[in-house]
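Structure file protein38.txt with compact mmCIF, C-alpha atoms:
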```txt
# COMPACT_ATOMS: atom_id res chain seq x y z
CA MET Q 37 84.66 69.43 92.88
CA SER Q 38 86.73 72.62 92.47
CA LYS Q 39 90.31 72.92 93.66
CA GLU Q 40 91.34 75.71 96.02
CA VAL Q 41 93.92 78.33 95.09
CA LEU Q 42 95.28 80.41 97.98
CA LEU Q 43 95.98 84.00 96.88
CA VAL Q 44 98.36 85.49 99.45
CA ALA Q 45 98.75 89.21 100.18
CA GLY Q 46 100.29 91.08 103.07
CA THR Q 47 100.94 94.49 101.55
CA ARG Q 48 98.98 96.93 99.43
CA PRO Q 49 100.88 96.23 96.16
CA GLU Q 50 100.36 92.50 96.63
CA ALA Q 51 96.64 93.00 97.14
CA LEU Q 52 96.36 95.17 94.03
CA LYS Q 53 98.12 92.58 91.89
CA ILE Q 54 96.23 89.51 93.13
CA ALA Q 55 92.85 91.27 92.87
CA PRO Q 56 92.49 90.80 89.09
CA VAL Q 57 93.34 87.10 89.50
CA ALA Q 58 90.73 86.71 92.24
CA ILE Q 59 88.15 88.36 89.98
CA ALA Q 60 89.10 86.18 87.01
CA LEU Q 61 88.80 83.03 89.15
CA LYS Q 62 85.33 83.90 90.48
CA GLY Q 63 82.88 81.42 89.07
CA HIS Q 64 85.64 79.27 87.59
CA PRO Q 65 84.34 75.70 87.15
CA GLY Q 66 87.52 74.05 88.42
CA LEU Q 67 89.38 76.53 90.63
CA ARG Q 68 88.21 78.30 93.79
CA PRO Q 69 90.05 81.43 95.00
CA THR Q 70 90.70 82.08 98.69
CA ILE Q 71 92.35 85.39 99.61
CA VAL Q 72 94.68 85.12 102.61
CA HIS Q 73 95.80 88.34 104.32
CA SER Q 74 99.05 87.71 106.17
CA GLY Q 75 98.58 90.71 108.48
CA GLN Q 76 101.94 92.23 107.49
CA HIS Q 77 100.37 95.63 106.76
CA ALA Q 78 97.15 95.84 108.76
CA GLY Q 79 94.45 97.86 107.04
CA MET Q 80 96.35 98.41 103.78
CA VAL Q 81 95.37 95.09 102.19
CA GLU Q 82 91.71 95.63 103.04
CA GLN Q 83 91.87 99.15 101.61
CA ALA Q 84 93.36 97.95 98.34
CA LEU Q 85 90.94 95.05 97.91
CA ALA Q 86 87.95 97.29 98.58
CA ALA Q 87 88.60 99.07 95.27
CA PHE Q 88 87.64 95.78 93.57
CA ASP Q 89 84.76 94.89 95.93
CA LEU Q 90 86.90 92.13 97.45
CA VAL Q 91 87.67 91.24 101.08
CA PRO Q 92 90.16 88.76 102.59
CA ASP Q 93 88.70 85.33 103.24
CA LEU Q 94 91.30 84.60 105.94
CA ARG Q 95 93.46 86.88 108.06
CA LEU Q 96 96.46 85.63 109.99
CA ASP Q 97 97.22 86.77 113.52
CA VAL Q 98 100.80 88.08 113.58
CA PRO Q 99 101.32 90.54 116.45
CA ARG Q 100 104.67 92.30 116.25
CA ASP Q 101 106.86 93.83 118.93
CA THR Q 102 110.24 94.61 117.37
CA GLY Q 103 109.22 95.01 113.72
CA THR Q 104 112.21 93.01 112.47
CA GLN Q 105 112.14 90.72 109.46
CA ALA Q 106 113.17 87.79 111.64
CA GLU Q 107 110.24 88.37 113.99
CA LEU Q 108 107.76 88.61 111.11
CA VAL Q 109 109.00 85.42 109.42
CA SER Q 110 109.00 83.49 112.72
CA ARG Q 111 105.36 84.42 113.27
CA LEU Q 112 104.15 84.03 109.71
CA LEU Q 113 105.55 80.54 109.12
CA PRO Q 114 103.49 78.66 111.75
CA GLU Q 115 100.38 80.66 110.82
CA PHE Q 116 100.72 79.79 107.14
CA ASP Q 117 101.54 76.18 108.01
CA ALA Q 118 98.34 75.83 110.05
CA VAL Q 119 96.26 77.21 107.17
CA LEU Q 120 97.91 74.84 104.70
CA GLU Q 121 97.42 71.84 106.97
CA GLU Q 122 93.74 72.62 107.42
CA ARG Q 123 92.87 73.53 103.81
CA ASP Q 124 95.35 71.53 101.71
CA PRO Q 125 95.03 73.79 98.65
CA ALA Q 126 95.97 72.72 95.15
CA VAL Q 127 98.16 75.81 94.64
CA THR Q 128 99.52 78.72 96.66
CA LEU Q 129 99.89 81.88 94.60
CA VAL Q 130 102.31 84.45 96.02
CA GLN Q 131 103.16 87.85 94.57
CA GLY Q 132 106.37 89.84 94.38
CA ASP Q 133 109.17 89.83 96.91
CA THR Q 134 108.02 90.72 100.41
CA THR Q 135 108.46 88.84 103.69
CA THR Q 136 104.88 87.60 103.31
CA THR Q 137 105.72 86.16 99.90
CA LEU Q 138 108.85 84.40 101.14
CA ALA Q 139 107.13 82.92 104.21
CA ALA Q 140 104.08 81.67 102.29
CA ALA Q 141 106.29 80.13 99.60
CA LEU Q 142 108.48 78.38 102.17
CA ALA Q 143 105.56 77.00 104.16
CA SER Q 144 103.91 75.71 100.96
CA PHE Q 145 107.14 74.17 99.68
CA TRP Q 146 107.67 72.33 102.96
CA ARG Q 147 104.11 70.94 102.70
CA GLY Q 148 104.61 69.84 99.10
CA ILE Q 149 102.04 72.34 97.80
CA PRO Q 150 102.94 73.85 94.39
CA VAL Q 151 103.90 77.53 94.50
CA ALA Q 152 102.90 79.90 91.69
CA HIS Q 153 104.95 83.11 91.78
CA LEU Q 154 103.18 86.13 90.33
CA GLU Q 155 105.57 88.80 88.97
CA ALA Q 156 108.44 86.33 88.86
CA GLY Q 157 111.84 87.10 87.36
CA LEU Q 158 112.38 90.71 88.39
CA ARG Q 159 116.09 91.22 89.02
CA THR Q 160 118.66 93.92 89.64
CA GLY Q 161 121.50 91.44 90.19
CA ASP Q 162 122.45 93.21 93.42
CA LEU Q 163 121.42 91.30 96.56
CA TYR Q 164 121.51 94.55 98.53
CA GLY Q 165 119.55 96.70 96.11
CA PRO Q 166 116.70 96.71 96.77
CA PHE Q 167 117.14 95.13 100.19
CA PRO Q 168 115.74 92.67 101.20
CA GLU Q 169 113.51 92.30 98.14
CA GLU Q 170 116.18 91.13 95.70
CA GLY Q 171 117.27 88.33 98.03
CA ASN Q 172 113.66 87.35 98.72
CA ARG Q 173 112.70 86.95 95.08
CA GLN Q 174 115.83 84.99 94.21
CA MET Q 175 115.15 82.57 97.07
CA ILE Q 176 111.48 82.23 96.09
CA SER Q 177 112.43 81.33 92.51
CA ARG Q 178 114.34 78.26 93.70
CA ILE Q 179 111.19 76.69 95.22
CA THR Q 180 108.57 77.85 92.72
CA SER Q 181 106.67 75.42 90.50
CA LEU Q 182 105.17 78.05 88.18
CA HIS Q 183 106.90 81.33 87.34
CA LEU Q 184 104.35 83.91 86.15
CA ALA Q 185 106.72 86.37 84.52
CA PRO Q 186 105.28 89.81 83.72
CA THR Q 187 107.56 90.46 80.73
CA ASP Q 188 109.95 88.75 78.35
CA ASP Q 189 112.86 90.38 80.19
CA ALA Q 190 111.74 88.72 83.43
CA ALA Q 191 111.37 85.36 81.69
CA ASN Q 192 114.84 85.70 80.20
CA ALA Q 193 116.28 86.47 83.65
CA LEU Q 194 114.77 83.22 84.93
CA ASN Q 195 116.14 81.31 81.94
CA SER Q 196 119.60 82.70 82.66
CA GLU Q 197 119.38 81.16 86.14
CA SER Q 198 118.82 77.74 84.55
CA LEU Q 199 115.20 77.49 85.66
CA PRO Q 200 113.13 75.16 83.44
CA ASP Q 201 111.58 77.01 80.52
CA SER Q 202 108.50 74.78 80.80
CA HIS Q 203 107.80 76.28 84.23
CA ILE Q 204 107.78 79.89 82.95
CA VAL Q 205 104.74 81.67 81.51
CA VAL Q 206 104.82 85.28 80.30
CA THR Q 207 101.53 86.85 81.33
CA GLY Q 208 101.92 90.63 81.41
CA ASN Q 209 101.58 92.41 84.73
CA THR Q 210 98.25 92.17 86.54
CA VAL Q 211 98.68 95.73 87.84
CA VAL Q 212 97.81 96.92 84.31
CA ASP Q 213 94.55 94.95 84.59
CA ALA Q 214 93.97 96.60 87.97
CA VAL Q 215 94.67 100.16 86.92
CA GLN Q 216 92.54 99.86 83.77
CA ARG Q 217 89.61 98.51 85.77
CA VAL Q 218 89.75 101.23 88.40
CA ALA Q 219 90.34 104.02 85.86
CA SER Q 220 87.28 102.96 83.85
CA ALA Q 221 85.12 103.27 86.98
CA ASN Q 222 86.13 106.97 87.29
CA LEU Q 223 85.19 107.15 90.98
CA PRO Q 224 85.15 110.59 92.66
CA ALA Q 225 88.00 111.45 95.02
CA SER Q 226 87.46 110.27 98.58
CA SER Q 227 90.40 112.02 100.27
CA PRO Q 228 89.40 115.52 101.46
CA ASP Q 229 92.95 116.67 100.74
CA LEU Q 230 92.71 115.46 97.16
CA VAL Q 231 89.25 117.01 96.71
CA ALA Q 232 90.63 120.37 97.84
CA LEU Q 233 93.71 120.05 95.64
CA GLU Q 234 91.64 119.20 92.56
CA ARG Q 235 89.51 122.31 93.15
CA THR Q 236 92.64 124.43 93.34
CA LEU Q 237 94.04 122.92 90.16
CA ASP Q 238 90.74 123.44 88.34
CA ALA Q 239 90.54 127.06 89.48
CA THR Q 240 94.14 128.01 88.70
CA GLY Q 241 94.98 125.77 85.74
CA GLY Q 242 97.94 124.49 87.74
CA ARG Q 243 99.93 121.33 87.14
CA LEU Q 244 100.38 118.38 89.51
CA MET Q 245 103.50 116.44 90.50
CA LEU Q 246 103.17 113.22 92.50
CA VAL Q 247 106.01 112.16 94.81
CA THR Q 248 106.20 108.78 96.55
CA VAL Q 249 109.28 107.58 98.47
CA HIS Q 250 109.09 104.53 100.68
CA ARG Q 251 111.98 102.07 100.14
CA ARG Q 252 114.29 101.41 103.07
CA GLU Q 253 117.30 102.21 100.90
CA SER Q 254 115.91 105.76 100.54
CA TRP Q 255 115.47 106.48 104.25
CA GLY Q 256 117.74 109.05 105.91
CA ARG Q 257 120.15 111.12 103.79
CA PRO Q 258 118.87 109.92 100.38
CA LEU Q 259 115.35 110.97 101.35
CA MET Q 260 116.64 114.35 102.53
CA ARG Q 261 118.25 114.94 99.12
CA VAL Q 262 115.03 113.97 97.33
CA LEU Q 263 112.89 116.26 99.49
CA ASN Q 264 115.27 119.17 99.00
CA ALA Q 265 114.95 118.64 95.26
CA VAL Q 266 111.16 118.56 95.52
CA ARG Q 267 111.12 121.89 97.34
CA SER Q 268 113.38 123.46 94.72
CA ILE Q 269 111.23 122.10 91.87
CA ALA Q 270 108.11 123.60 93.44
CA ASP Q 271 109.88 126.93 93.94
CA ARG Q 272 111.06 127.04 90.31
CA HIS Q 273 107.63 126.26 88.81
CA PRO Q 274 104.98 128.59 90.31
CA ASP Q 275 102.12 126.75 88.57
CA LEU Q 276 103.16 123.38 90.04
CA HIS Q 277 101.39 121.74 92.99
CA VAL Q 278 103.03 118.76 94.71
CA LEU Q 279 101.19 115.85 96.31
CA ILE Q 280 103.07 113.54 98.68
CA PRO Q 281 101.18 110.59 100.17
CA ALA Q 282 103.56 110.08 103.12
CA HIS Q 283 104.73 106.61 104.07
CA PRO Q 284 103.23 105.50 107.42
CA ASN Q 285 106.69 104.92 108.94
CA PRO Q 286 106.99 107.65 111.61
CA GLY Q 287 110.59 108.48 110.75
CA VAL Q 288 109.84 108.91 107.05
CA ARG Q 289 106.77 111.04 107.72
CA GLU Q 290 108.68 113.23 110.17
CA GLN Q 291 111.35 113.89 107.54
CA VAL Q 292 108.75 114.78 104.92
CA VAL Q 293 106.87 117.14 107.22
CA SER Q 294 110.01 118.82 108.54
CA LEU Q 295 111.39 119.58 105.06
CA LEU Q 296 108.21 120.27 103.08
CA GLY Q 297 105.49 121.02 105.62
CA GLY Q 298 104.20 124.56 105.33
CA HIS Q 299 105.04 125.04 101.66
CA GLU Q 300 101.99 126.67 100.09
CA ARG Q 301 101.92 124.33 97.07
CA VAL Q 302 102.92 121.06 98.74
CA VAL Q 303 100.16 118.79 100.07
CA ILE Q 304 101.18 115.97 102.42
CA THR Q 305 98.52 113.30 102.89
CA ASP Q 306 98.09 109.88 104.43
CA PRO Q 307 98.42 106.97 101.95
CA LEU Q 308 95.66 107.34 99.35
CA ASP Q 309 93.00 104.78 98.50
CA TYR Q 310 93.82 103.13 95.20
CA PRO Q 311 91.05 104.86 93.19
CA ASP Q 312 92.38 108.20 94.45
CA MET Q 313 95.92 107.25 93.44
CA VAL Q 314 94.67 106.39 89.96
CA ARG Q 315 92.97 109.81 89.75
CA VAL Q 316 96.27 111.46 90.66
CA LEU Q 317 98.20 109.47 88.04
CA LYS Q 318 95.68 110.39 85.35
CA ARG Q 319 96.13 114.08 86.15
CA ALA Q 320 99.84 114.28 87.00
CA SER Q 321 102.34 116.07 84.77
CA LEU Q 322 105.27 114.28 86.42
CA VAL Q 323 105.88 111.52 88.95
CA LEU Q 324 108.92 111.16 91.22
CA THR Q 325 108.95 107.73 92.82
CA ASP Q 326 110.91 104.76 94.08
CA SER Q 327 107.79 102.59 93.84
CA GLY Q 328 107.86 99.66 91.45
CA GLY Q 329 104.09 99.65 91.05
CA ILE Q 330 103.89 103.26 89.91
CA GLN Q 331 106.58 102.62 87.30
CA GLU Q 332 104.19 100.01 85.88
CA GLU Q 333 100.98 102.02 86.25
CA ALA Q 334 102.03 105.47 85.02
CA PRO Q 335 102.62 104.51 81.34
CA THR Q 336 98.90 103.74 81.02
CA PHE Q 337 98.25 107.47 81.44
CA GLY Q 338 101.23 108.83 79.52
CA VAL Q 339 102.79 110.48 82.57
CA PRO Q 340 106.62 110.66 82.69
CA VAL Q 341 108.33 109.05 85.69
CA LEU Q 342 111.64 109.90 87.34
CA VAL Q 343 112.78 106.81 89.27
CA LEU Q 344 114.47 107.76 92.54
CA ARG Q 345 116.80 104.75 92.54
CA GLU Q 346 120.21 103.82 91.17
CA THR Q 347 118.88 100.61 89.61
CA THR Q 348 115.47 99.26 88.71
CA GLU Q 349 114.20 95.77 88.01
CA ARG Q 350 111.71 97.40 85.62
CA MET Q 351 114.11 98.52 82.90
CA LEU Q 352 111.38 97.96 80.32
CA ALA Q 353 109.90 101.35 81.30
CA VAL Q 354 113.29 103.02 80.90
CA ASP Q 355 113.99 101.29 77.59
CA ALA Q 356 110.53 102.27 76.30
CA GLY Q 357 111.12 105.94 77.17
CA CYS Q 358 108.47 105.99 79.90
CA ALA Q 359 110.84 106.47 82.84
CA TRP Q 360 114.29 107.82 83.68
CA LEU Q 361 116.64 106.61 86.42
CA VAL Q 362 117.79 109.63 88.42
CA GLY Q 363 118.80 108.20 91.81
CA THR Q 364 118.63 110.52 94.80
CA ASP Q 365 121.09 113.16 93.65
CA THR Q 366 119.47 116.59 94.12
CA THR Q 367 121.15 118.17 91.11
CA ARG Q 368 120.20 115.39 88.72
CA ILE Q 369 116.60 115.29 89.93
CA LEU Q 370 116.33 119.06 89.42
CA ALA Q 371 117.79 118.85 85.92
CA GLU Q 372 115.56 116.01 84.71
CA ALA Q 373 112.40 117.40 86.33
CA GLY Q 374 113.16 120.83 84.86
CA TRP Q 375 113.46 119.30 81.38
CA VAL Q 376 110.18 117.34 81.66
CA LEU Q 377 108.21 120.24 83.12
CA GLY Q 378 109.80 122.83 80.85
CA SER Q 379 109.01 120.86 77.70
CA ARG Q 380 105.56 119.84 79.04
CA LEU Q 381 106.41 116.29 77.99
CA ARG Q 382 103.55 113.85 77.65
CA LEU Q 383 103.83 110.24 76.48
CA PRO Q 384 101.43 108.33 74.19
CA LEU Q 385 98.35 106.99 75.96
CA GLY Q 386 97.46 103.31 76.05
CA ARG Q 387 100.96 102.02 75.27
CA ASN Q 388 101.99 100.35 78.50
CA PRO Q 389 105.03 98.08 78.01
CA PHE Q 390 104.06 96.00 81.05
CA GLY Q 391 100.85 94.54 79.68
CA ASP Q 392 97.58 94.80 77.81
CA GLY Q 393 95.07 94.31 80.63
CA ARG Q 394 94.61 90.57 80.07
CA ALA Q 395 97.31 89.24 82.39
CA ALA Q 396 94.83 87.72 84.86
CA VAL Q 397 93.27 85.59 82.10
CA ARG Q 398 96.68 84.19 81.22
CA VAL Q 399 97.46 83.59 84.90
CA CYS Q 400 94.24 81.60 85.33
CA SER Q 401 95.03 79.42 82.33
CA ALA Q 402 98.50 78.69 83.71
CA LEU Q 403 97.01 77.85 87.12
CA GLU Q 404 94.62 75.41 85.46
CA ARG Q 405 97.57 73.49 84.04
CA LEU Q 406 99.46 73.54 87.35
CA ALA Q 407 96.38 72.21 89.17
CA GLY Q 408 95.99 69.42 86.62
CA LEU Q 409 92.97 70.83 84.80
CA PRO Q 410 92.71 70.78 80.99
CA THR Q 411 93.77 74.01 79.28
CA ALA Q 412 94.47 75.07 75.73
CA LEU Q 413 96.77 77.99 76.57
CA PRO Q 414 100.18 77.92 74.88
CA ARG Q 415 103.09 78.07 77.28
CA ARG Q 416 103.94 81.65 76.28
CA GLU Q 417 100.93 83.49 74.93
CA PRO Q 418 102.40 86.70 73.51
CA PHE Q 419 101.14 90.18 74.25
CA ALA Q 420 102.13 93.39 72.52
CA THR Q 421 104.62 95.69 74.25
CA LEU Q 422 106.63 98.69 73.21
CA ALA Q 423 109.66 96.38 73.19
CA GLY Q 424 108.03 94.05 70.67
CA VAL Q 425 106.05 90.83 70.65
CA ARG Q 426 107.30 87.48 71.77
```

Can I see the file as structure tokens?
Amino acid sequence: MSKEVLLVAGTRPEALKIAPVAIALKGHPGLRPTIVHSGQHAGMVEQALAAFDLVPDLRLDVPRDTGTQAELVSRLLPEFDAVLEERDPAVTLVQGDTTTTLAAALASFWRGIPVAHLEAGLRTGDLYGPFPEEGNRQMISRITSLHLAPTDDAANALNSESLPDSHIVVTGNTVVDAVQRVASANLPASSPDLVALERTLDATGGRLMLVTVHRRESWGRPLMRVLNAVRSIADRHPDLHVLIPAHPNPGVREQVVSLLGGHERVVITDPLDYPDMVRVLKRASLVLTDSGGIQEEAPTFGVPVLVLRETTERMLAVDAGCAWLVGTDTTRILAEAGWVLGSRLRLPLGRNPFGDGRAAVRVCSALERLAGLPTALPRREPFATLAGVR
């Protein structure tokens, strides 16, 4: 009889990163995947999973009034607890550092159910940057039975916190599995805005710059500085078209529209389906982002990334020459973007320092061991990165 593994997702990035694991576990003789949607971001998880022909098996009911973290945790915990009591899974796999991840890990820990933490070990060392993610992931690490570290750097960060080395497995990042799978499908654009933009680019030979800004630390004045820089970059490069999938938060979207709406070469869209986002990354000449996922995905396509943050827990991209930390200073963004666009910089294809596309296979082998099934996987199966091989 197979043992159940709960794969928990409440946000789009979580769904994208558990999807390869769910696919790898399908048909497994000893483990049975169940995808649980926490309800944190309604619609976004379903949208992300659809790119892999997956749907949530369970969806929690978490109505929200105030939108605070305290409210979300207080509603998620009893919902997760009820699911755990009813199903008694062998393992709960959580991803990343969101409120969903923290609540699912806590509820599982209190029930004595082993927690496997996908993308474990990311650190900035600053509890308030990013906030609340850095605090969440540090708390989760204290109650995790299996740390699925995406890179050697992440594993070393966990070691430095005196976590048992035997509980840490370096897997690579499953988002590389995801982006390779979707890119190989080469699906046509579904967004009418993207279809129109691609036609314009094809007709004019223009270049594309992708901009995504969503972190709470960027809201307000930092976002204003970034958007002012984006407008100036577009003005200085007449062949450049800018695509901004606006964050659904009304305040963020209002800022984007007020500062960039009406510019003839700036397209503001709703959040894109994942296959559309992959199409954009494949075509982009430059990316400006504060998204962790895009820092991991862009190297697959050789597109340079300017990271709109003061720190990043993904320094491997910076060290490998795939990304540059520029913060939200308008002058610095303009200078770095001008250099990349002026030199028409392009990075080598197929050399992603975050993984080789086989992370989900390594994750499944580690889950077998945690669930008490026989496995022949070494504790740290190495994979090649630009930083070397462990």

Counting only C-alpha atoms, which residues have an atom no more than 12 Å from (104.9, 120.4, 79.7) in the file's coordinates? Please list them as a short mmCIF file (atom, residue, chain, number, x, y, z; two decimals) with C-alpha atoms, keeping the file's coordinate frame.
```cif
data_model
loop_
_atom_site.label_atom_id
_atom_site.label_comp_id
_atom_site.auth_asym_id
_atom_site.auth_seq_id
_atom_site.Cartn_x
_atom_site.Cartn_y
_atom_site.Cartn_z
CA GLY Q 242 97.94 124.49 87.74
CA ARG Q 243 99.93 121.33 87.14
CA LEU Q 244 100.38 118.38 89.51
CA MET Q 245 103.50 116.44 90.50
CA HIS Q 273 107.63 126.26 88.81
CA ASP Q 275 102.12 126.75 88.57
CA LEU Q 276 103.16 123.38 90.04
CA ALA Q 320 99.84 114.28 87.00
CA SER Q 321 102.34 116.07 84.77
CA LEU Q 322 105.27 114.28 86.42
CA VAL Q 339 102.79 110.48 82.57
CA PRO Q 340 106.62 110.66 82.69
CA ALA Q 373 112.40 117.40 86.33
CA GLY Q 374 113.16 120.83 84.86
CA TRP Q 375 113.46 119.30 81.38
CA VAL Q 376 110.18 117.34 81.66
CA LEU Q 377 108.21 120.24 83.12
CA GLY Q 378 109.80 122.83 80.85
CA SER Q 379 109.01 120.86 77.70
CA ARG Q 380 105.56 119.84 79.04
CA LEU Q 381 106.41 116.29 77.99
CA ARG Q 382 103.55 113.85 77.65
CA LEU Q 383 103.83 110.24 76.48
#
```

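Distance check against Pro56 of chain Q using only C-alpha atoms: of Q:Pro168, Q:Gly393, Q:Gly297, Q:Pro410, the minimum falls on Q:Gly393.
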
Checklist outcome for this item: atom CA of Val205 of chain Q to atom CA of Thr187 of chain Q measures 9.3 Å

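For the pair atom CA of Val72 of chain Q and atom CA of Leu129 of chain Q, the separation is 10.1 Å.
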
Selection near Leu52 of chain Q, 8 Å with only C-alpha atoms, sequence-local residues under 2 positions removed, as a PDB file with C-alpha atoms, keeping the file's coordinate frame:
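The new file result-v8.pdb reads:
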```pdb
ATOM      1  CA  ARG Q  48      98.980  96.930  99.430  1.00  0.00           C
ATOM      2  CA  PRO Q  49     100.880  96.230  96.160  1.00  0.00           C
ATOM      3  CA  GLU Q  50     100.360  92.500  96.630  1.00  0.00           C
ATOM      4  CA  ILE Q  54      96.230  89.510  93.130  1.00  0.00           C
ATOM      5  CA  ALA Q  55      92.850  91.270  92.870  1.00  0.00           C
ATOM      6  CA  PRO Q  56      92.490  90.800  89.090  1.00  0.00           C
ATOM      7  CA  ALA Q  84      93.360  97.950  98.340  1.00  0.00           C
ATOM      8  CA  LEU Q  85      90.940  95.050  97.910  1.00  0.00           C
ATOM      9  CA  VAL Q 211      98.680  95.730  87.840  1.00  0.00           C
ATOM     10  CA  ALA Q 214      93.970  96.600  87.970  1.00  0.00           C
TER      11      ALA Q 214
END
```

Which residues of segment 137-249 of chain Q sit at most 10 Å from segment 103-125 of chain Q, using all atoms listed in the file? Give each one's shortest atom pair and distance in Å (one decimal place), in chain and ascending residue order, as a tab-separated table.
```
residue	atom	partner	partner_atom	distance
Q:Leu138	CA	Q:Val109	CA	8.3
Q:Ala139	CA	Q:Leu113	CA	5.7
Q:Ala140	CA	Q:Phe116	CA	6.2
Q:Ala141	CA	Q:Phe116	CA	9.4
Q:Leu142	CA	Q:Leu113	CA	7.8
Q:Ala143	CA	Q:Asp117	CA	5.6
Q:Ser144	CA	Q:Leu120	CA	7.1
Q:Trp146	CA	Q:Asp117	CA	8.8
Q:Arg147	CA	Q:Leu120	CA	7.6
Q:Gly148	CA	Q:Asp124	CA	9.8
Q:Ile149	CA	Q:Pro125	CA	7.2
Q:Pro150	CA	Q:Pro125	CA	9.0
Q:Pro168	CA	Q:Gln105	CA	9.2
```

Item to check | Counting all atoms listed in the file, the residue of Q:Pro224, Q:Pro186, Q:Gly328, Q:Pro258 that sits nearest Pro389 of chain Q | outcome: Q:Pro186

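Compared by their closest atoms to Val303 of chain Q, and using all atoms listed in the file, the residues Q:Met351, Q:Leu233, Q:Ala396, Q:Ala270 rank with Q:Leu233 nearest.
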
Next on the checklist: Can you tell me which residues surround segment 353-357 of chain Q at a distance of at most 12 Å, considering all atoms listed in the file, apart from same-chain residues fewer than 4 positions away, and format the answer as a PyMOL selection string?
Outcome noted: chain Q and resi 187+189+328-336+338-343+347-349+361-362+381-384+387-391+421-424

Item to check | One-decimal distance in Å that lies between atom CA of Leu370 of chain Q and atom CA of Ile269 of chain Q | outcome: 6.4 Å

Item to check | Expected answer as number ranges by chain: all residues with atoms within 10 Å of (92.1, 113.6, 102.7), only C-alpha atoms | outcome: Q: 225-233, 281, 303-309, 312

Checklist entry - Do you know which residues are at most 12 Å from Leu409 of chain Q counting only C-alpha atoms, after dropping those on the same chain fewer than 5 positions away, and could you put them as a VMD selection string? => result chain Q and resid 37 to 39 64 to 67 126 400 to 404
